[in-house]
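One structure is given here, and the rest of the page talks about it.
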Amino acid sequence: MLALLIIEPVMSSSLPVVRTRFAPSPTGYLHIGGARTALFAWAYARRHGGQFILRIEDTDVARSTPEAVQGILDGMQWLGLAHDEGPFYQMQRMERYKEVIQQMLAAGTAYQCYMAKEELDDLRAAQEARKEKPRYDGRWRPEPGKTLPPIPPGHNPVVRFRNPTTGVVAWDDQVKGRIEIANAELDDFIIARADGTPTYNFCVVVDDRDMGITHVIRGDDHVNNTPRQINLLQALGAPVPRYGHLSMILGDDGTKLSKRHGAVSVMQYDENGYLPEAVLNYLGRLGWSHGNEEVFLMAQFVEWFDLDHITSSAAQFNTEKLNWLNAHYLKLADDARLGAEIRRRLSREGVTATDCPDAAAIAALYKDRVQNLNELADCAHPFYIAPHASAELVAQHLTDAAQAALADLRSRLARADFLPEVLGKALKETLVATGLKMPQVAIPLRVALLGQPQSPAIDRVLAVLGRDRTLERLDRLP
RNA sequence: GACCCUAUCGUCUAGAGGCCUAGGACAACACCCUUUCACGGUGUGAACCGGGGUUCGAAUCCCCGUGGGGUCGCCA
């Protein structure tokens, strides 16, 4: 493994290059907010013919896990958000960070601070008691003519960035507009811990520079990091990318999403029967708009996507609308694909029958009536495993008259070709023979065959169920 | 507490000073279709947070409130 991964920024003489990145920290799965951030960063790069880079920010050794890394990779793959470069792992770039820290120390844009953690805690406590903003007081910051405290023995210093003390840091946020923050609000933050490992704001800056990131699209919980990063970038003499901060996604109930509440892995959406194109469409429309357009596939999204039409306020997740989109894409989905999904889901429940009926044919029967793949699998279930209707349904629908009609129908079906038109004709013959109306026969038939009083057109159901299963189930009537 | 962000139907949103009698979508409701249940179709109700300005004219610009959110770590 390379100890040093320095990516040369792509220098194009004429065409403006767009390079975006998605930089999650692997302390948990990829959730819906992260997925939208990734989607927007990906779409922006695609829209401009640029590159999308995946970077894993795993410097928090205590909380990062390989499982989380895999979860993120899986989520990205399920969504189809392919990266052009990476994944890069920050833990593999340690040498590079240390090198830059040495450069900054040498240049005087950073300095060592020997203040102990306990001292810092005391300082903060005192500041808070005085209702001040807690911040480092600069006691180890070298100034001309200033005498620094004697270096205490026995412990290693942290490295702090020498942040400008006056003036303002400002940027034109691509989604929120101009934002200005006074340097007086910022303190000399730590860029390397006592053990020498670099911290977040520093790694981000080094990486964004080394990787030639031109547009930083991320959650707006990073707005307050931006001025620090800009100052750092400037101290390094590096170009400042454009920033666009996405507001957060709230849960269905309007409250903040958290691990305990509503924040689920994108893979959970797969588990719950959502199609990736539905999730992508929903997410694309959450906080971004293109006039009144509601339904679009990624090719279209990429063509339309821009930063100008991103909402700057928080958006509440609406499962109902996602369900509607999912139902929409289900109707459009290929039967063979849905058939495979039915089998995958059924086999989880131990239903592994691979003989007829054909899952794709069942999908065709039900795909425009359900909202998700799990419902589709539920609909398919009685085709594979003979259901037992509830006593209530049996009592209600399988009356003597109905049983007699089904017996009449059975004899006709035994001789019929199992094609919808032929079956429909047999059904009508039974109506004539018994003097019953269609629902009076069709509903008992549904209960007998599928254990439910509702189904798609019964002749189509019969055709998919097939002669053997149909007759067998009719023979087993109570 | 300080700093920053934010505010149009229940929800996602359109809206770049007159095109707004504020549009679309989901959800809700009604009706139609129907072989049941769905799907689908048609229609109805539903919003510019409050107060001041600026302007001939404000949902749109400015200020002040209020509500919501974020950040203030040797986490990311």
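Residue numbering restarts at 1 in every chain; chains get A, B, ... in the order shown in the structure tokens, and ligands count up from 1 in that same order.
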Could you list, as a PyMOL selection string, every residue within 10 Å of range 50-63 of chain B, counting only C-alpha atoms (C1' of nucleotides) and ignoring same-chain residues fewer than 3 positions away? chain B and resi 8+15-18+20+22+66
Check: which chain A residues lie within 6 Å of chain B using only C-alpha atoms (C1' of nucleotides), as number ranges by chain: A: 131, 133, 193, 221, 224, 291-292, 313, 321, 368-369, 438-439, 454
Mind the document's chain letters and residue numbers, and return as a PyMOL selection string the residues of range 202-410 of chain A that DSSP labels alpha helix (DSSP H). chain A and resi 202-210+226-235+266-271+276-285+298-304+319-332+335-348+359-366+373-384+391-397+400-410
Can you list, as a list in words, every protein, DNA or RNA residue that comes within 12 Å of A30 in chain B when you count only C-alpha atoms (C1' of nucleotides), leaving out same-chain residues fewer than 6 positions away? U42, G43, U44 and G45 of chain B
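Our summary of the geometry notes that CA of Tyr243 in chain A is positioned 6.0 Å from CA of Gln174 in chain A.
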Need the shell around Pro357 in chain A: protein/DNA/RNA residues with any atom at most 7 Å away, counting only C-alpha atoms (C1' of nucleotides). Skip same-chain ones fewer than 6 positions apart. Format as a VMD selection string? chain A and resid 383 464 to 465
Apply DSSP to the backbone of this structure and, from range 42-201 of chain A, keep only the residues in strand (DSSP E); write these as a ChimeraX atom specification. /A:51-56,85-89,110-113,158-161,168-173,177-182,190-192
One-decimal distance in Å that lies between CA of Phe161 in chain A and CA of Glu118 in chain A: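 Spanning CA of Glu118 in chain A to CA of Phe161 in chain A is a straight-line distance of 20.2 Å.
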Using only C-alpha atoms, can you tell me which of A:Arg337, A:Pro134, A:Glu303, A:Asp122 comes closest to Gly49 in chain A?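 Looking at the shortest contact to Gly49 in chain A, the residue is A:Glu303.
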At a cut-off of 10 Å, using only C-alpha atoms (C1' of nucleotides), what residues contact Ala405 in chain A? Leave out same-chain residues fewer than 6 positions from it and give the result as a PDB file with N, CA, C and O atoms, in the first residue's frame.
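New file out.pdb:
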ATOM      1  N   LEU A 398     -67.248 -19.071   0.860  1.00  0.00           N
ATOM      2  CA  LEU A 398     -67.385 -20.420   0.318  1.00  0.00           C
ATOM      3  C   LEU A 398     -68.689 -21.069   0.804  1.00  0.00           C
ATOM      4  O   LEU A 398     -68.686 -22.107   1.465  1.00  0.00           O
ATOM      5  N   THR A 399     -69.759 -20.437   0.409  1.00  0.00           N
ATOM      6  CA  THR A 399     -71.088 -20.943   0.769  1.00  0.00           C
ATOM      7  C   THR A 399     -71.393 -22.168  -0.091  1.00  0.00           C
ATOM      8  O   THR A 399     -70.646 -22.485  -1.028  1.00  0.00           O
ATOM      9  N   LEU A 427     -65.350 -19.331 -17.243  1.00  0.00           N
ATOM     10  CA  LEU A 427     -65.966 -18.657 -16.104  1.00  0.00           C
ATOM     11  C   LEU A 427     -67.383 -18.198 -16.461  1.00  0.00           C
ATOM     12  O   LEU A 427     -68.329 -18.376 -15.692  1.00  0.00           O
ATOM     13  N   THR A 430     -69.863 -20.914 -16.524  1.00  0.00           N
ATOM     14  CA  THR A 430     -70.316 -21.260 -15.173  1.00  0.00           C
ATOM     15  C   THR A 430     -71.378 -20.267 -14.694  1.00  0.00           C
ATOM     16  O   THR A 430     -72.353 -20.656 -14.051  1.00  0.00           O
ATOM     17  N   LEU A 431     -71.197 -19.009 -15.045  1.00  0.00           N
ATOM     18  CA  LEU A 431     -72.189 -18.003 -14.646  1.00  0.00           C
ATOM     19  C   LEU A 431     -73.551 -18.353 -15.252  1.00  0.00           C
ATOM     20  O   LEU A 431     -74.584 -18.288 -14.593  1.00  0.00           O
ATOM     21  N   ALA A 433     -74.519 -21.333 -16.306  1.00  0.00           N
ATOM     22  CA  ALA A 433     -75.002 -22.598 -15.741  1.00  0.00           C
ATOM     23  C   ALA A 433     -75.593 -22.439 -14.349  1.00  0.00           C
ATOM     24  O   ALA A 433     -76.533 -23.123 -13.969  1.00  0.00           O
ATOM     25  N   THR A 434     -75.002 -21.508 -13.562  1.00  0.00           N
ATOM     26  CA  THR A 434     -75.452 -21.365 -12.177  1.00  0.00           C
ATOM     27  C   THR A 434     -76.389 -20.195 -11.954  1.00  0.00           C
ATOM     28  O   THR A 434     -77.020 -20.079 -10.901  1.00  0.00           O
ATOM     29  N   GLY A 435     -76.438 -19.293 -12.907  1.00  0.00           N
ATOM     30  CA  GLY A 435     -77.277 -18.110 -12.755  1.00  0.00           C
ATOM     31  C   GLY A 435     -76.699 -17.094 -11.783  1.00  0.00           C
ATOM     32  O   GLY A 435     -77.406 -16.196 -11.326  1.00  0.00           O
ATOM     33  N   LEU A 436     -75.405 -17.239 -11.481  1.00  0.00           N
ATOM     34  CA  LEU A 436     -74.769 -16.282 -10.563  1.00  0.00           C
ATOM     35  C   LEU A 436     -74.123 -15.136 -11.325  1.00  0.00           C
ATOM     36  O   LEU A 436     -73.914 -15.216 -12.535  1.00  0.00           O
ATOM     37  N   GLN A 440     -69.961 -13.190  -7.596  1.00  0.00           N
ATOM     38  CA  GLN A 440     -70.416 -14.299  -6.759  1.00  0.00           C
ATOM     39  C   GLN A 440     -69.604 -15.572  -7.000  1.00  0.00           C
ATOM     40  O   GLN A 440     -69.583 -16.463  -6.160  1.00  0.00           O
ATOM     41  N   VAL A 441     -68.980 -15.627  -8.154  1.00  0.00           N
ATOM     42  CA  VAL A 441     -68.108 -16.766  -8.431  1.00  0.00           C
ATOM     43  C   VAL A 441     -66.638 -16.380  -8.277  1.00  0.00           C
ATOM     44  O   VAL A 441     -65.837 -17.113  -7.702  1.00  0.00           O
ATOM     45  N   ALA A 442     -66.313 -15.193  -8.779  1.00  0.00           N
ATOM     46  CA  ALA A 442     -64.901 -14.780  -8.797  1.00  0.00           C
ATOM     47  C   ALA A 442     -64.329 -14.628  -7.388  1.00  0.00           C
ATOM     48  O   ALA A 442     -63.185 -15.017  -7.134  1.00  0.00           O
ATOM     49  N   PRO A 444     -65.363 -16.098  -4.392  1.00  0.00           N
ATOM     50  CA  PRO A 444     -65.085 -17.404  -3.785  1.00  0.00           C
ATOM     51  C   PRO A 444     -63.879 -18.100  -4.430  1.00  0.00           C
ATOM     52  O   PRO A 444     -63.093 -18.753  -3.753  1.00  0.00           O
ATOM     53  N   LEU A 445     -63.753 -17.941  -5.722  1.00  0.00           N
ATOM     54  CA  LEU A 445     -62.626 -18.555  -6.435  1.00  0.00           C
ATOM     55  C   LEU A 445     -61.304 -17.982  -5.921  1.00  0.00           C
ATOM     56  O   LEU A 445     -60.329 -18.700  -5.701  1.00  0.00           O
TER      57      LEU A 445
END
I'd like the interatomic distance between CA of His388 in chain A and CA of Ala336 in chain A, to a tenth of an Å.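 Straight-line distance from CA of His388 in chain A to CA of Ala336 in chain A works out to 28.3 Å.
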